[in-house]
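*Asks:* Encoded as structure tokens, here's the structure I'll be asking about.
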Amino acid sequence: MGCVLYDDRLRLPPRSAVDDCRGEAGHRCGADEWRPNGREAMSERIDDALDAVAAERATISAERDALSAFDRRVEELEAVTVSGGPSLLADQRQSDRSLERVRTAYAETLMAVPHYESEYDDTLAESLAAEFGDDLAAALLSGEALTPTIRNAVRAAAAAAQNEREEFLDVLDREAASLEAAAADIDEVRAELRALDDGPLSAQRFDELRRRWQGVRDLEARVDGIGRRRQETIRSHRSDLPGVPTDLSEYLYADLSSPYPVLATLATVGERLTGARRRVERELAATA
């Protein structure tokens, strides 16, 4: 599920392309490297979200590295100075080949990443325009030669595209950290709920029931806090990626059971806490 940030625009591939980035055993590409050990207690929703982030991170990293390789190849090309007078045949051939070498370098780097065809499936002209803008793409496709000005513009555009991917990788890292933190907090809440809910309520005295009720209320407050922190992270993603035409969570998790996996998990935990609290309240009413 790669993306290209350029001039405050986000280039999004078709959603069906996400399935092509799955590895063996149903894991998405890069998931095994990204997900830490000890995730057994985490909800399936958040597990799947981490897989999606790992897959996206692997995709964006591959594109960043490909752009770096493209820039190195352009740097090695000799720029051609086009004179105003009649060109010799040899000079004309050199001019023709100079832009062809740039196009070849682009096709053999960025357009050669493993996921490119399945996610973008565009032509060289379409890809150049999406990455570098219409004017520079036109110069590379129909210009006379790789002049120093064009070469500098290509290298600047490639550097900008790399930086945009670096920024997006930072956002993905923060998203993964947010998922991990929320999962750990939710695991703690679940463990404490199991401890509170251990043993029959009918065997508890009134004071013990009151303590249990307060314990459940405290857990409900913690769940609310986890939800607020998660919503703050979602809002921060929107400010970090102002050119993204869709919510990052909806983009990353569109194929999951919920585009907001942490909030959906918190809703499930909240329902269990509500049920536990009401059971205690009924027992309190019966013993009052």
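Within each chain, counting starts at residue 1; across the structure tokens, chains are named A, B, ... in the order shown, with ligands numbered 1 upward in that order.
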Near Asp197 of chain A, within 10 Å and counting only C-alpha atoms, which residues show up once chain neighbours fewer than 2 positions away are dropped, as a PyMOL selection string?
*Replies:* chain A and resi 191-195+199-201+212+216+273+276-277+279-280
*Asks:* Restricted to C-alpha atoms, what would the selected residues look like written as a PDB file, in the first residue's frame?
*Replies:*
ATOM      1  CA  ALA A 191      -5.529  -8.605  33.468  1.00  0.00           C
ATOM      2  CA  GLU A 192      -6.807  -6.401  36.289  1.00  0.00           C
ATOM      3  CA  LEU A 193     -10.407  -7.047  35.267  1.00  0.00           C
ATOM      4  CA  ARG A 194      -9.794 -10.794  35.423  1.00  0.00           C
ATOM      5  CA  ALA A 195      -8.346 -10.376  38.909  1.00  0.00           C
ATOM      6  CA  GLY A 199     -14.614 -15.543  42.552  1.00  0.00           C
ATOM      7  CA  PRO A 200     -18.401 -15.513  43.010  1.00  0.00           C
ATOM      8  CA  LEU A 201     -19.946 -12.184  43.963  1.00  0.00           C
ATOM      9  CA  ARG A 212     -14.660  -4.314  43.549  1.00  0.00           C
ATOM     10  CA  VAL A 216     -14.069  -1.560  37.872  1.00  0.00           C
ATOM     11  CA  LEU A 273     -16.294  -3.492  32.070  1.00  0.00           C
ATOM     12  CA  ALA A 276     -18.837  -6.421  35.273  1.00  0.00           C
ATOM     13  CA  ARG A 277     -19.843  -3.180  36.998  1.00  0.00           C
ATOM     14  CA  ARG A 279     -23.173  -7.353  38.047  1.00  0.00           C
ATOM     15  CA  VAL A 280     -21.508  -5.854  41.102  1.00  0.00           C
TER      16      VAL A 280
END
*Asks:* Show which residues sit within 6 Å of segment 58-70 of chain A, as a PyMOL selection string. Count only C-alpha atoms, and ignore same-chain residues fewer than 2 positions away.
*Replies:* chain A and resi 2+30+55-56+72-73+105-106+109-110+162
*Asks:* Quick one: pick out all helix (DSSP H, G or I) residues within segment 141-263 of chain A from a backbone DSSP run and write them as a count of residues only.
*Replies:* 97
*Asks:* For Arg230 of chain A, list every protein, DNA or RNA residue within 9 Å, evaluated using only C-alpha atoms, and leave out those in the same chain fewer than 3 positions away; present the list as a PyMOL selection string.
*Replies:* chain A and resi 178-179+182+225-227+233-235+262-263
*Asks:* Please write the residues from the selection above to a file, keeping C-alpha atoms, as a JSON list (two decimals), in the first residue's frame.
*Replies:*
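Dumped to again-v1.json:
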[["chain", "number", "residue", "atom", "x", "y", "z"],
["A", 178, "SER", "CA", 0.87, 4.23, 19.51],
["A", 179, "LEU", "CA", -0.57, 0.81, 18.68],
["A", 182, "ALA", "CA", -2.40, 1.07, 23.53],
["A", 225, "GLY", "CA", -7.81, 7.76, 29.00],
["A", 226, "ILE", "CA", -6.42, 5.24, 26.50],
["A", 227, "GLY", "CA", -9.11, 6.31, 24.06],
["A", 233, "THR", "CA", -2.52, 10.46, 17.93],
["A", 234, "ILE", "CA", -5.06, 10.19, 15.10],
["A", 235, "ARG", "CA", -5.47, 13.97, 15.07],
["A", 262, "VAL", "CA", -7.67, 0.55, 18.97],
["A", 263, "LEU", "CA", -10.97, 2.38, 19.45]]
*Asks:* Go through A:Leu169, A:Val80, A:Ile186, A:Leu248 one by one, measure the shortest atom-to-atom distance of each to Arg57 of chain A using only C-alpha atoms, and give the residue with the smallest value.
*Replies:*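 Among the listed residues, the smallest separation from Arg57 of chain A belongs to A:Leu169.
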*Asks:* Pick out the residues sitting within 12 Å of Thr274 of chain A, and hand them over as a list in words; count only C-alpha atoms, and ignore anything fewer than 4 positions along from it in its own chain.
*Replies:*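 Close residues of Thr274 of chain A: Leu193, Trp213, Val216, Arg217, Asp218, Leu219, Glu220, Ala221, Val223, Leu266, Ala267, Thr268, Val269, Gly270, Arg278, Arg279, Val280 and Glu281 of chain A.
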*Asks:* In Å, with one decimal, what is the gap from atom CA of Leu50 of chain A to atom CA of Ala112 of chain A?
*Replies:*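 Taking atom CA of Leu50 of chain A and atom CA of Ala112 of chain A, their separation equals 26.1 Å.
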*Asks:* Interatomic distance between atom CA of Thr123 of chain A and atom CA of Ala159 of chain A?
*Replies:*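 Interatomic distance here is 21.6 Å.
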*Asks:* Report, in Å to a single decimal, how far apart atom CA of Ala107 of chain A and atom CA of Ala54 of chain A are.
*Replies:* 25.5 Å
*Asks:* Do a neighbour search on Phe132 of chain A at 9 Å with only C-alpha atoms, toss out local chain neighbours closer than 6 positions, and write the hits as a PDB file with C-alpha atoms, in the first residue's frame.
*Replies:*
ATOM      1  CA  TYR A   6       4.442  15.388  -3.725  1.00  0.00           C
ATOM      2  CA  VAL A 154      15.611  15.996 -11.423  1.00  0.00           C
ATOM      3  CA  ALA A 157      12.781  16.418  -7.177  1.00  0.00           C
ATOM      4  CA  ALA A 158      14.208  12.999  -6.313  1.00  0.00           C
ATOM      5  CA  ALA A 161      10.440  12.582  -2.939  1.00  0.00           C
TER       6      ALA A 161
END
*Asks:* For Leu284 of chain A, work out the shell of residues within 8 Å, counting only C-alpha atoms and skipping chain neighbours fewer than 5 positions away, then give it as a list in words.
*Replies:*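 Here the qualifying residues turn out to be Phe206, Leu209 and Arg210 of chain A.
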*Asks:* Of the candidates A:Ala181, A:Leu124, A:Leu136, A:Leu146, which shows the shortest atom-to-atom distance to Ala79 of chain A, using only C-alpha atoms?
*Replies:*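 Looking at the shortest contact to Ala79 of chain A, the residue is A:Leu146.
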*Asks:* Could you check which of A:His115, A:Arg228, A:Arg151, A:Arg103 is closest to Ser127 of chain A, using only C-alpha atoms?
*Replies:* A:Arg103
